[in-house]
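Take a look at the structure below.
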Amino acid sequence: MKTHQFEVIVVGAGGAGLMAGLYASKTAKTAVISKLYPTRSHTGAAQGGIGAALGNEEEDRTEWHTYDTVKGSDYLGDQDAIEFMCEEAPGIVYELEHMGLPFSRTAEGRIAQRPFGGHTNNETGVPVRRACYAADRTGHMILQTLYQQCVKNNVTFFDEFQVLDMIVVNGKAAGVVTIELATGELHVFHAKAVIFATGGYGRVWEITTNAYANTGDGIAITLRHGIPAEDMEFFQFHPTGIYKMGILITEGVRGEGGVLINDKGERFMAKEEYAPHVKDLASRDVVSRAMYLEMKNGLGIGGKRYLYLDVRPETVNKYAALDGRTNPDGTPYTVTADDILSRLPDIIDFCKTYLGVDPVVDPMPVQPTAHYAMGGIPTNVKGEVVIDKKNTVMPGVYAAGETSCVSVHGSNRLGTNSLLDLVVFGKQAGVNAAEYARGTDFQPLPADPAGPAREQLARLRNSSGAERISTIGTEMKAVMFDHVGVFRTEAGMTEAVEKIRELKERFKHIRLDDRGTVFNMELLNAWELGNLLDIAEVTAVSALTRRESRGAHARDDYPERNDKKWMKHTLAWLQEDGVKLDYKPVTFTKYEPKVRVY
Amino acid sequence: MQVTLKIFRYDPEKDKKPHYDAFKMEAEPTDRVLDLLEKAKGYQDGTISFRRSCAHGVCGSDAMRINGMNRLACKTLVQDLGVNKITVEPILGLPILKDLIVDMEPFFDNYRAVTPYFINDEPAPAKERLQSPEDRERFDDTTKCILCGACTTSCPSFWANDQYLGPSAIVNAHRFIFDSRDKGAAERLAVLNDLFGVYRCHTIFNCTLACPREIQITQAIGEVKKAIATGKLD
Ligand SMILES: Cc1cc2nc3c(=O)[nH]c(=O)nc-3n(C[C@H](O)[C@H](O)[C@H](O)COP(=O)(O)OP(=O)(O)OC[C@H]3O[C@@H](n4cnc5c(N)ncnc54)[C@H](O)[C@@H]3O)c2cc1C
Ligand code: FES
């Protein structure tokens with residue numbers, strides 16, 4: 001076992017972790033630890049854009065961005081945090097540009113912007129161009145640019161080191177325990193502050209846009225240390241995943257004028273009961289539910305569980321004319337096949353590769369797909385982890401990015417607000433952790449800091465049952481997709497909770513083939529499955545208990561939002577005998593809850 | 001359909017030398033080779049080791065030789081191969097650590113050698129630096145690189161000597177050299193004018209064929225060569 005010492009440890013090297021690492025390393029001895037090589041992080045998969053009211057294409061205002069985000073969150077977002085994020089947005093996008101990020105450009109040479117669901121001109125209610133983009137690979141460019149800056153600034157990395165545990169002494173962070181994938185050796189990192197930036201946990205569900213690595217490790221580790229997870233029932237299902245595979249087709253497709261079509265050839269989002277005003281550009285929860293209902297009513301294509309997303313130029317131009325959509329200069333909005341090709345090159349490539357469909361010629365078969373965790377490790381605006389309903393700070397522990405819950409997304413995130421969240425709060429966590437480290441001493445390490453992690457691995461290695469982890473994983477994903485998905489019922493969620501508990505039992509009787517130490521990926525996949533099972537249980541119990549529909553949490557049996565009883569954040573603790581719940585109030589500034597119509 | 005997946009195996013803790021294991025399984029023509037690897041690992045032999053994450057060709061984890069060609073396992077469908085015998089092997093020219101996992105450090109050392117980051121020490125404006133859509137387009141192709149290594153490890157010059165920076169590093173240098181906002185071109189061109197720089201490229205085109213992002217790599221290298229020869233960036 002090796003021991004290292006750093007003032008600040010950042011766990012994760014996606015957008016949030018790299019931003020935190022860049023800032024923390026300016027003033028504190030910092031290391032970034034990542035189980036993936038940094039540029040493999042899932043931030044690189046983000047397509048559509050990063051939200052900021054730059055007003056490069058038309059009038060836009062920070063307050064509109066703020067209000068849209070509050071409304072999009074279905075009034076569960078903390079308004080102080082949302083105000084902070086939206087005000088920081090233009091500055092931080094310029095900062096990325098100054099780091100060399102190759103944004104697409106307007107004719108004037110400014111950062112190009114496109115419309116995205118839920119982002120509007122608050123005076124006219126019409127979609128506004130707010131998503132700053134680099135073709136349809138904005139996340140790739142952010143990840144590459146931030147990593148390049150880390151290389152430039154000599155940030156210290158431990159690549160392909162997986163964090164297994166946090167060390168807590170006297171109620172404060174004292175470091176992390178990791179395994180080096182190449183050797184199987186445990187390394188202890190003694191630290192004053194630990195920042196979790198471990199990303200999402202979409203691998204709980206069968207159909208997902210998320211990478212294999214998105215197993216919620218940070219949340220599972222903090223749960224094991226008695227830190228609650230916040231608002232876990234709110235998991236976003238993106239409307240447009242490639243049928244059966246889940247691969248994301250960005251909302252930018254609808255931003256460019258693409259529309260959703262049912263088996264009768266109808267553009268169903270325009271129906272009165274869905275979103276007659278902004279139609280296909282309603283927020284994601286609204287669109288995913290509409291799709292679910294269409295398919296339930298037998299209007300899926302050929303009666304199957306998918307619909308069409310149509311971005312063929314003739315379709316786009318037809319509906320743009322019907323909607324009276326115009327360019328910034330007032331001329332009617334039209335597109336050619338070349339425009340589609342240049343604005344959505346990767347989407348076209350995905351469709352050709354995986355579906356054999358050219359979106360300029362044929363519509364794309366899509367279905368809702370598990371996408372984004374609104375919930376996570378509770379933090380305040382400074383990135384500090386807060387552990388109870390009074391927002392008590394746990395000294396030295398920080399979180400940022402998708403693994404955290406500030407909460408700026410409430411019960412439903414608007415597209416482009418996650419990339420923004422990563423950089424804004426990644427920076428906050430980095431700056432504040434470094435400052436905290438300056439004013440504090442190292443906690444003494446316990447006698448055997450790696451003990452608990454070593455035991456966890458030994459239990460997995462030595463378990464001598466007959467269960468395969470792949471079977472347990474597949475059953476978990478199926479039950480969660482069926483019953484804790486786009487639409488939920490009491491009976492379905494109860495079944496899911498029971499099933500997850502059964503799977504957790506069976507997980508104690510797995511059998512692994514790989515006995516080695518070098519790149520024992522099977523062992524680590526088993527450890528990750530343990531995390532997913534814990535997270536699935538917390539998610540299902542939090543969902544079952546919330547008897548209302550809000551944002552991404554939609555119940556057949558309680559179809560209305562209930563502000564009187566449920567305008568509050570869920571806090572969930574994982575205990576020996578199950579999940580314990582408590583609630584904390586939402587922070588309001590000036591936005592009164594209203595019924596949400598799009 | 002029935003397919004046979006033949007996998008290169010090497011476990012440094014057990015094996016003196018590498019061997020192959022074959023796995024028979026049912027597959028859909030639209031399955032990714034990565035899906036087959038997952039199936040073999042999940043249900044037949046948990047010791048099979050490989051890297052993967054995004055599963056749709058954007059993270060660069062799973063470059064490997066598939067039926068002799070460098071490809072991403074997650075971006076290669078069974079039907080693309082046209083046969084039901086599929087052989088997967090590690091990419092060439094880098095030390096093999098276990099099964100399909102190679103040591104990528106020499107590759108990343110070469111990446112870091114070309115100062116792969118934005119250089120411009122002039123004070124930044126309050127808003128964005130301006131760049132015309134044409135200037136932005138000039139280096140668009142080389143911004144697509146996901147550092148998977150498929151190009152560099154398909155290059156005979158790199159196999160001959162891993163000191164050669166290789167196509168991927170040159171692609172990443174190109175991305176900055178031709179960015180109108182960047183001021184570090186001279187520095188990078190000096191690195192690439194070295195003994196192990198662009199002149200090791202003999203325009204064999206393997207790299208361009210191997211690139212899963214369809215970057216016109218040989219062309220990009222040609223543009224860098226021209227910039228070195230003429231001292232001009234156009
Ligand atoms: C397909 C797709 C498209 C998207 N498009 C958009 C968009 O257009 N706009 C937008 O705003 N948002 C978008 N999102 C959402 C957004 O991209 C993600 O929420 C965000 O990138 C997450 O970043 P992160 O830094 O929190 O985590 P990630 O980028 O996932 O990084 C997590 C990091 O943690 C590391 N890690 C995890 N566990 C461990 C461990 N145990 N030990 C060590 N390291 C660990 C990983 O190696 C990785 O480096 C999209 C998401 C997806 C999936
Ligand atoms: S798994 Fe990411 S590129 Fe293949």
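Going through the structure tokens in order, the chains are called A, B, and so on, while each chain numbers its residues from 1 and the ligands are numbered from 1 in the order shown.
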Counting only C-alpha atoms and all ligand atoms, which protein, DNA or RNA residues come within 9 Å of ligand 2, given as a PDB file with all heavy atoms, in the first residue's frame?
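The file below, out_23.pdb, is the result:
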ATOM      1  N   ARG A  40     -11.760  10.520 -21.473  1.00  0.00           N
ATOM      2  CA  ARG A  40     -12.785   9.494 -21.710  1.00  0.00           C
ATOM      3  C   ARG A  40     -14.067   9.790 -20.912  1.00  0.00           C
ATOM      4  O   ARG A  40     -15.023   9.024 -20.977  1.00  0.00           O
ATOM      5  CB  ARG A  40     -12.292   8.104 -21.296  1.00  0.00           C
ATOM      6  CG  ARG A  40     -10.876   7.748 -21.710  1.00  0.00           C
ATOM      7  CD  ARG A  40     -10.784   7.290 -23.138  1.00  0.00           C
ATOM      8  NE  ARG A  40      -9.467   6.821 -23.512  1.00  0.00           N
ATOM      9  CZ  ARG A  40      -8.779   7.302 -24.554  1.00  0.00           C
ATOM     10  NH1 ARG A  40      -9.266   8.273 -25.311  1.00  0.00           N
ATOM     11  NH2 ARG A  40      -7.598   6.790 -24.845  1.00  0.00           N
ATOM     12  N   HIS A  42     -17.600  11.236 -19.423  1.00  0.00           N
ATOM     13  CA  HIS A  42     -18.819  11.325 -20.217  1.00  0.00           C
ATOM     14  C   HIS A  42     -19.219  12.750 -20.588  1.00  0.00           C
ATOM     15  O   HIS A  42     -20.090  12.956 -21.426  1.00  0.00           O
ATOM     16  CB  HIS A  42     -19.964  10.600 -19.535  1.00  0.00           C
ATOM     17  CG  HIS A  42     -20.953  10.032 -20.518  1.00  0.00           C
ATOM     18  ND1 HIS A  42     -20.564   9.322 -21.635  1.00  0.00           N
ATOM     19  CD2 HIS A  42     -22.298  10.094 -20.588  1.00  0.00           C
ATOM     20  CE1 HIS A  42     -21.631   8.967 -22.338  1.00  0.00           C
ATOM     21  NE2 HIS A  42     -22.700   9.426 -21.723  1.00  0.00           N
ATOM     22  N   ALA A 211     -22.741   6.433 -20.068  1.00  0.00           N
ATOM     23  CA  ALA A 211     -21.607   5.536 -20.292  1.00  0.00           C
ATOM     24  C   ALA A 211     -21.585   4.413 -19.265  1.00  0.00           C
ATOM     25  O   ALA A 211     -22.148   4.537 -18.178  1.00  0.00           O
ATOM     26  CB  ALA A 211     -20.314   6.328 -20.198  1.00  0.00           C
ATOM     27  N   TYR A 212     -20.881   3.342 -19.596  1.00  0.00           N
ATOM     28  CA  TYR A 212     -20.676   2.244 -18.638  1.00  0.00           C
ATOM     29  C   TYR A 212     -20.111   2.768 -17.316  1.00  0.00           C
ATOM     30  O   TYR A 212     -20.395   2.218 -16.252  1.00  0.00           O
ATOM     31  CB  TYR A 212     -19.698   1.222 -19.210  1.00  0.00           C
ATOM     32  CG  TYR A 212     -20.320   0.246 -20.184  1.00  0.00           C
ATOM     33  CD1 TYR A 212     -20.127   0.370 -21.556  1.00  0.00           C
ATOM     34  CD2 TYR A 212     -21.104  -0.808 -19.724  1.00  0.00           C
ATOM     35  CE1 TYR A 212     -20.694  -0.541 -22.452  1.00  0.00           C
ATOM     36  CE2 TYR A 212     -21.670  -1.722 -20.599  1.00  0.00           C
ATOM     37  CZ  TYR A 212     -21.464  -1.588 -21.967  1.00  0.00           C
ATOM     38  OH  TYR A 212     -22.019  -2.483 -22.836  1.00  0.00           O
TER      39      TYR A 212
ATOM     40  N   LEU B  34     -18.550  -4.367 -29.328  1.00  0.00           N
ATOM     41  CA  LEU B  34     -18.475  -4.165 -27.880  1.00  0.00           C
ATOM     42  C   LEU B  34     -19.560  -4.964 -27.151  1.00  0.00           C
ATOM     43  O   LEU B  34     -19.324  -5.503 -26.067  1.00  0.00           O
ATOM     44  CB  LEU B  34     -18.594  -2.669 -27.546  1.00  0.00           C
ATOM     45  CG  LEU B  34     -18.531  -2.321 -26.061  1.00  0.00           C
ATOM     46  CD1 LEU B  34     -17.198  -2.733 -25.439  1.00  0.00           C
ATOM     47  CD2 LEU B  34     -18.766  -0.825 -25.830  1.00  0.00           C
ATOM     48  N   ARG B  51     -10.940  -1.965 -22.213  1.00  0.00           N
ATOM     49  CA  ARG B  51     -11.453  -0.678 -21.754  1.00  0.00           C
ATOM     50  C   ARG B  51     -12.698  -0.328 -22.553  1.00  0.00           C
ATOM     51  O   ARG B  51     -12.770  -0.604 -23.742  1.00  0.00           O
ATOM     52  CB  ARG B  51     -10.423   0.426 -21.981  1.00  0.00           C
ATOM     53  CG  ARG B  51      -9.162   0.324 -21.157  1.00  0.00           C
ATOM     54  CD  ARG B  51      -8.332   1.581 -21.377  1.00  0.00           C
ATOM     55  NE  ARG B  51      -7.118   1.607 -20.572  1.00  0.00           N
ATOM     56  CZ  ARG B  51      -5.905   1.353 -21.059  1.00  0.00           C
ATOM     57  NH1 ARG B  51      -5.731   1.067 -22.338  1.00  0.00           N
ATOM     58  NH2 ARG B  51      -4.856   1.426 -20.272  1.00  0.00           N
ATOM     59  N   ARG B  52     -13.626   0.334 -21.921  1.00  0.00           N
ATOM     60  CA  ARG B  52     -14.787   0.876 -22.632  1.00  0.00           C
ATOM     61  C   ARG B  52     -15.507   1.847 -21.712  1.00  0.00           C
ATOM     62  O   ARG B  52     -15.396   1.751 -20.500  1.00  0.00           O
ATOM     63  CB  ARG B  52     -15.740  -0.222 -23.117  1.00  0.00           C
ATOM     64  CG  ARG B  52     -16.833  -0.707 -22.172  1.00  0.00           C
ATOM     65  CD  ARG B  52     -16.305  -1.382 -20.947  1.00  0.00           C
ATOM     66  NE  ARG B  52     -17.293  -2.089 -20.155  1.00  0.00           N
ATOM     67  CZ  ARG B  52     -17.555  -1.772 -18.877  1.00  0.00           C
ATOM     68  NH1 ARG B  52     -16.991  -0.734 -18.307  1.00  0.00           N
ATOM     69  NH2 ARG B  52     -18.404  -2.495 -18.182  1.00  0.00           N
ATOM     70  N   SER B  53     -16.194   2.829 -22.326  1.00  0.00           N
ATOM     71  CA  SER B  53     -17.062   3.645 -21.484  1.00  0.00           C
ATOM     72  C   SER B  53     -18.316   4.099 -22.230  1.00  0.00           C
ATOM     73  O   SER B  53     -19.394   3.620 -21.954  1.00  0.00           O
ATOM     74  CB  SER B  53     -16.320   4.836 -20.879  1.00  0.00           C
ATOM     75  OG  SER B  53     -17.168   5.440 -19.927  1.00  0.00           O
ATOM     76  N   CYS B  54     -18.183   5.009 -23.201  1.00  0.00           N
ATOM     77  CA  CYS B  54     -19.380   5.666 -23.747  1.00  0.00           C
ATOM     78  C   CYS B  54     -20.266   4.736 -24.565  1.00  0.00           C
ATOM     79  O   CYS B  54     -21.456   4.948 -24.675  1.00  0.00           O
ATOM     80  CB  CYS B  54     -18.975   6.861 -24.603  1.00  0.00           C
ATOM     81  SG  CYS B  54     -18.257   6.367 -26.186  1.00  0.00           S
ATOM     82  N   ALA B  55     -19.682   3.750 -25.221  1.00  0.00           N
ATOM     83  CA  ALA B  55     -20.398   2.789 -26.069  1.00  0.00           C
ATOM     84  C   ALA B  55     -20.992   3.390 -27.338  1.00  0.00           C
ATOM     85  O   ALA B  55     -21.803   2.754 -28.005  1.00  0.00           O
ATOM     86  CB  ALA B  55     -21.475   2.036 -25.281  1.00  0.00           C
ATOM     87  N   HIS B  56     -20.622   4.626 -27.682  1.00  0.00           N
ATOM     88  CA  HIS B  56     -21.066   5.130 -28.988  1.00  0.00           C
ATOM     89  C   HIS B  56     -20.030   5.999 -29.708  1.00  0.00           C
ATOM     90  O   HIS B  56     -20.369   6.940 -30.413  1.00  0.00           O
ATOM     91  CB  HIS B  56     -22.443   5.798 -28.910  1.00  0.00           C
ATOM     92  CG  HIS B  56     -22.483   7.079 -28.113  1.00  0.00           C
ATOM     93  ND1 HIS B  56     -22.413   7.104 -26.748  1.00  0.00           N
ATOM     94  CD2 HIS B  56     -22.615   8.368 -28.496  1.00  0.00           C
ATOM     95  CE1 HIS B  56     -22.489   8.353 -26.329  1.00  0.00           C
ATOM     96  NE2 HIS B  56     -22.604   9.140 -27.366  1.00  0.00           N
ATOM     97  N   GLY B  57     -18.777   5.630 -29.517  1.00  0.00           N
ATOM     98  CA  GLY B  57     -17.759   6.215 -30.384  1.00  0.00           C
ATOM     99  C   GLY B  57     -17.346   7.629 -30.084  1.00  0.00           C
ATOM    100  O   GLY B  57     -16.869   8.337 -30.975  1.00  0.00           O
ATOM    101  N   VAL B  58     -17.472   8.089 -28.841  1.00  0.00           N
ATOM    102  CA  VAL B  58     -17.043   9.452 -28.557  1.00  0.00           C
ATOM    103  C   VAL B  58     -15.969   9.567 -27.477  1.00  0.00           C
ATOM    104  O   VAL B  58     -15.375  10.626 -27.320  1.00  0.00           O
ATOM    105  CB  VAL B  58     -18.229  10.389 -28.198  1.00  0.00           C
ATOM    106  CG1 VAL B  58     -19.173  10.531 -29.376  1.00  0.00           C
ATOM    107  CG2 VAL B  58     -18.975   9.905 -26.966  1.00  0.00           C
ATOM    108  N   CYS B  59     -15.699   8.485 -26.729  1.00  0.00           N
ATOM    109  CA  CYS B  59     -14.738   8.640 -25.624  1.00  0.00           C
ATOM    110  C   CYS B  59     -13.351   8.114 -25.959  1.00  0.00           C
ATOM    111  O   CYS B  59     -12.383   8.463 -25.292  1.00  0.00           O
ATOM    112  CB  CYS B  59     -15.264   7.988 -24.352  1.00  0.00           C
ATOM    113  SG  CYS B  59     -15.095   6.190 -24.289  1.00  0.00           S
ATOM    114  N   GLY B  60     -13.268   7.263 -26.979  1.00  0.00           N
ATOM    115  CA  GLY B  60     -11.952   6.801 -27.412  1.00  0.00           C
ATOM    116  C   GLY B  60     -11.347   5.684 -26.581  1.00  0.00           C
ATOM    117  O   GLY B  60     -10.143   5.440 -26.660  1.00  0.00           O
ATOM    118  N   SER B  61     -12.147   4.971 -25.801  1.00  0.00           N
ATOM    119  CA  SER B  61     -11.590   3.932 -24.915  1.00  0.00           C
ATOM    120  C   SER B  61     -11.233   2.639 -25.626  1.00  0.00           C
ATOM    121  O   SER B  61     -10.317   1.941 -25.211  1.00  0.00           O
ATOM    122  CB  SER B  61     -12.602   3.561 -23.824  1.00  0.00           C
ATOM    123  OG  SER B  61     -12.836   4.619 -22.965  1.00  0.00           O
ATOM    124  N   ASP B  62     -12.036   2.256 -26.657  1.00  0.00           N
ATOM    125  CA  ASP B  62     -11.973   0.863 -27.086  1.00  0.00           C
ATOM    126  C   ASP B  62     -11.474   0.661 -28.517  1.00  0.00           C
ATOM    127  O   ASP B  62     -11.994  -0.162 -29.260  1.00  0.00           O
ATOM    128  CB  ASP B  62     -13.348   0.185 -26.900  1.00  0.00           C
ATOM    129  CG  ASP B  62     -14.452   0.869 -27.689  1.00  0.00           C
ATOM    130  OD1 ASP B  62     -14.246   2.015 -28.131  1.00  0.00           O
ATOM    131  OD2 ASP B  62     -15.517   0.259 -27.861  1.00  0.00           O
ATOM    132  N   ALA B  63     -10.391   1.400 -28.838  1.00  0.00           N
ATOM    133  CA  ALA B  63      -9.739   1.116 -30.116  1.00  0.00           C
ATOM    134  C   ALA B  63      -9.068  -0.249 -30.021  1.00  0.00           C
ATOM    135  O   ALA B  63      -8.405  -0.549 -29.034  1.00  0.00           O
ATOM    136  CB  ALA B  63      -8.711   2.200 -30.430  1.00  0.00           C
ATOM    137  N   LEU B  72     -13.033   1.175 -33.455  1.00  0.00           N
ATOM    138  CA  LEU B  72     -13.641   1.207 -32.129  1.00  0.00           C
ATOM    139  C   LEU B  72     -14.625   0.045 -32.056  1.00  0.00           C
ATOM    140  O   LEU B  72     -15.482  -0.101 -32.936  1.00  0.00           O
ATOM    141  CB  LEU B  72     -14.387   2.522 -31.911  1.00  0.00           C
ATOM    142  CG  LEU B  72     -13.545   3.798 -31.947  1.00  0.00           C
ATOM    143  CD1 LEU B  72     -14.467   5.023 -31.806  1.00  0.00           C
ATOM    144  CD2 LEU B  72     -12.502   3.797 -30.831  1.00  0.00           C
ATOM    145  N   ALA B  73     -14.553  -0.746 -30.989  1.00  0.00           N
ATOM    146  CA  ALA B  73     -15.461  -1.888 -30.859  1.00  0.00           C
ATOM    147  C   ALA B  73     -16.909  -1.424 -30.754  1.00  0.00           C
ATOM    148  O   ALA B  73     -17.828  -2.118 -31.171  1.00  0.00           O
ATOM    149  CB  ALA B  73     -15.078  -2.712 -29.639  1.00  0.00           C
ATOM    150  N   CYS B  74     -17.110  -0.223 -30.204  1.00  0.00           N
ATOM    151  CA  CYS B  74     -18.481   0.262 -30.004  1.00  0.00           C
ATOM    152  C   CYS B  74     -19.040   0.900 -31.269  1.00  0.00           C
ATOM    153  O   CYS B  74     -20.199   1.285 -31.314  1.00  0.00           O
ATOM    154  CB  CYS B  74     -18.517   1.270 -28.876  1.00  0.00           C
ATOM    155  SG  CYS B  74     -17.596   2.765 -29.242  1.00  0.00           S
ATOM    156  N   LYS B  75     -18.194   1.073 -32.284  1.00  0.00           N
ATOM    157  CA  LYS B  75     -18.677   1.729 -33.502  1.00  0.00           C
ATOM    158  C   LYS B  75     -18.607   0.774 -34.679  1.00  0.00           C
ATOM    159  O   LYS B  75     -18.737   1.183 -35.830  1.00  0.00           O
ATOM    160  CB  LYS B  75     -17.837   2.988 -33.780  1.00  0.00           C
ATOM    161  CG  LYS B  75     -18.693   4.176 -34.192  1.00  0.00           C
ATOM    162  CD  LYS B  75     -17.912   5.397 -34.525  1.00  0.00           C
ATOM    163  CE  LYS B  75     -18.777   6.323 -35.379  1.00  0.00           C
ATOM    164  NZ  LYS B  75     -18.060   7.512 -35.807  1.00  0.00           N
ATOM    165  N   ILE B 146     -10.606  12.179 -30.694  1.00  0.00           N
ATOM    166  CA  ILE B 146     -10.960  11.668 -29.360  1.00  0.00           C
ATOM    167  C   ILE B 146      -9.799  10.904 -28.714  1.00  0.00           C
ATOM    168  O   ILE B 146      -9.994  10.201 -27.722  1.00  0.00           O
ATOM    169  CB  ILE B 146     -12.218  10.771 -29.416  1.00  0.00           C
ATOM    170  CG1 ILE B 146     -12.042   9.633 -30.436  1.00  0.00           C
ATOM    171  CG2 ILE B 146     -13.464  11.599 -29.728  1.00  0.00           C
ATOM    172  CD1 ILE B 146     -13.174   8.617 -30.428  1.00  0.00           C
ATOM    173  N   CYS B 148      -8.149   8.249 -29.369  1.00  0.00           N
ATOM    174  CA  CYS B 148      -8.333   6.804 -29.192  1.00  0.00           C
ATOM    175  C   CYS B 148      -7.078   6.039 -29.580  1.00  0.00           C
ATOM    176  O   CYS B 148      -6.899   4.892 -29.172  1.00  0.00           O
ATOM    177  CB  CYS B 148      -9.524   6.310 -30.017  1.00  0.00           C
ATOM    178  SG  CYS B 148      -9.277   6.403 -31.805  1.00  0.00           S
ATOM    179  N   PRO B 212     -11.856   6.681 -36.587  1.00  0.00           N
ATOM    180  CA  PRO B 212     -13.298   6.478 -36.435  1.00  0.00           C
ATOM    181  C   PRO B 212     -14.080   7.783 -36.532  1.00  0.00           C
ATOM    182  O   PRO B 212     -15.300   7.762 -36.624  1.00  0.00           O
ATOM    183  CB  PRO B 212     -13.415   5.877 -35.029  1.00  0.00           C
ATOM    184  CG  PRO B 212     -12.224   6.355 -34.297  1.00  0.00           C
ATOM    185  CD  PRO B 212     -11.132   6.505 -35.317  1.00  0.00           C
TER     186      PRO B 212
END
Show me, as a ChimeraX atom specification, the residues of chain A whose atoms get within 7 Å of chain B, using only C-alpha atoms for the distance check. /A:39-42,44-45,94,97-100,105-110,148-149,152,210-213,470,512-514,521-522
Non-local contacts of Gln219 in chain B (10 Å; only C-alpha atoms; under 4 positions in same chain excluded) as a list of chain:residue names: B:Val171, B:Thr203, B:Phe205, B:Thr208, B:Ile215, B:Glu223, B:Val224, B:Lys225
Could you give me, as a ChimeraX atom specification, every polymer residue with an atom at most 6 Å away from an atom of ligand 1, counting only C-alpha atoms and all ligand atoms? /A:11-17,33-36,38,41-43,45-50,161-164,197-200,209-210,217,248,371,401-403,415-420,422
Do you have the CA of Lys244 in chain A-CA of Ile66 in chain B distance handy?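 Going from CA of Lys244 in chain A over to CA of Ile66 in chain B covers 24.3 Å.
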Ala466 in chain A: which residues within 8 Å, counting only C-alpha atoms, same-chain residues fewer than 4 positions away excluded, as a count of residues only? 3
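One finds CA of Gly257 in chain A at 14.8 Å from CA of His119 in chain A.
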Please report, as an MDAnalysis selection string, each residue of range 99-334 of chain A to which DSSP assigns strand (DSSP E) when run on this structure's backbone. chainID A and resid 113:120 127:132 156:159 161:169 172:180 186:190 193:196 229:230 235:242 259:261 307:310
Just give me the gap between CA of Cys86 in chain A and CA of Val406 in chain A in Å, one decimal is fine.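 Distance reported for this atom pair: 13.5 Å.
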List the neighbours of Lys382 in chain A out to 8 Å using only C-alpha atoms; skip same-chain residues closer than 3 positions along the sequence, and give me the result as a list of chain:residue names.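 Skipping anything fewer than 3 positions along the chain leaves A:Thr379, A:Phe425, A:Gln428, A:Ala429, A:Asn432.
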Just to be explicit: take each residue in the selection above, keep N, CA and C atoms, and write the result as a short mmCIF file (atom, residue, chain, number, x, y, z; two decimals), in the first residue's frame.
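In the end it all went to again05.cif:
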data_model
loop_
_atom_site.label_atom_id
_atom_site.label_comp_id
_atom_site.auth_asym_id
_atom_site.auth_seq_id
_atom_site.Cartn_x
_atom_site.Cartn_y
_atom_site.Cartn_z
N THR A 379 -25.31 19.89 -1.79
CA THR A 379 -24.29 20.94 -1.57
C THR A 379 -24.96 22.30 -1.49
N PHE A 425 -20.07 25.45 -10.86
CA PHE A 425 -19.90 24.91 -9.51
C PHE A 425 -18.61 24.09 -9.38
N GLN A 428 -16.41 26.82 -8.27
CA GLN A 428 -16.69 27.15 -6.87
C GLN A 428 -16.07 26.13 -5.93
N ALA A 429 -16.29 24.86 -6.23
CA ALA A 429 -15.77 23.81 -5.35
C ALA A 429 -14.24 23.88 -5.31
N ASN A 432 -13.13 27.09 -3.32
CA ASN A 432 -13.44 27.04 -1.89
C ASN A 432 -12.71 25.92 -1.16
#
Spatial neighbours of Met1 in chain B, 9 Å, only C-alpha atoms, chain gap at least 4 places, as a ChimeraX atom specification: /B:25-29,84
With only C-alpha atoms as the counted atoms, please give the residues lying no more than 6 Å from range 169-186 of chain A, apart from itself and same-chain residues fewer than 3 positions off, as a PyMOL selection string. chain A and resi 1+160-166+189-193+395-397+443+450+517-519
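For the set A:Ile221, A:Ile227, A:Leu309, A:Met480, the residue with the smallest atom-to-atom gap to Gln456 in chain A is A:Ile221, counting only C-alpha atoms.
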Run DSSP on the backbone of this structure and report the residues of range 93-220 of chain A it assigns to alpha helix (DSSP H), as number ranges by chain. A: 93-98, 138-152, 217-220
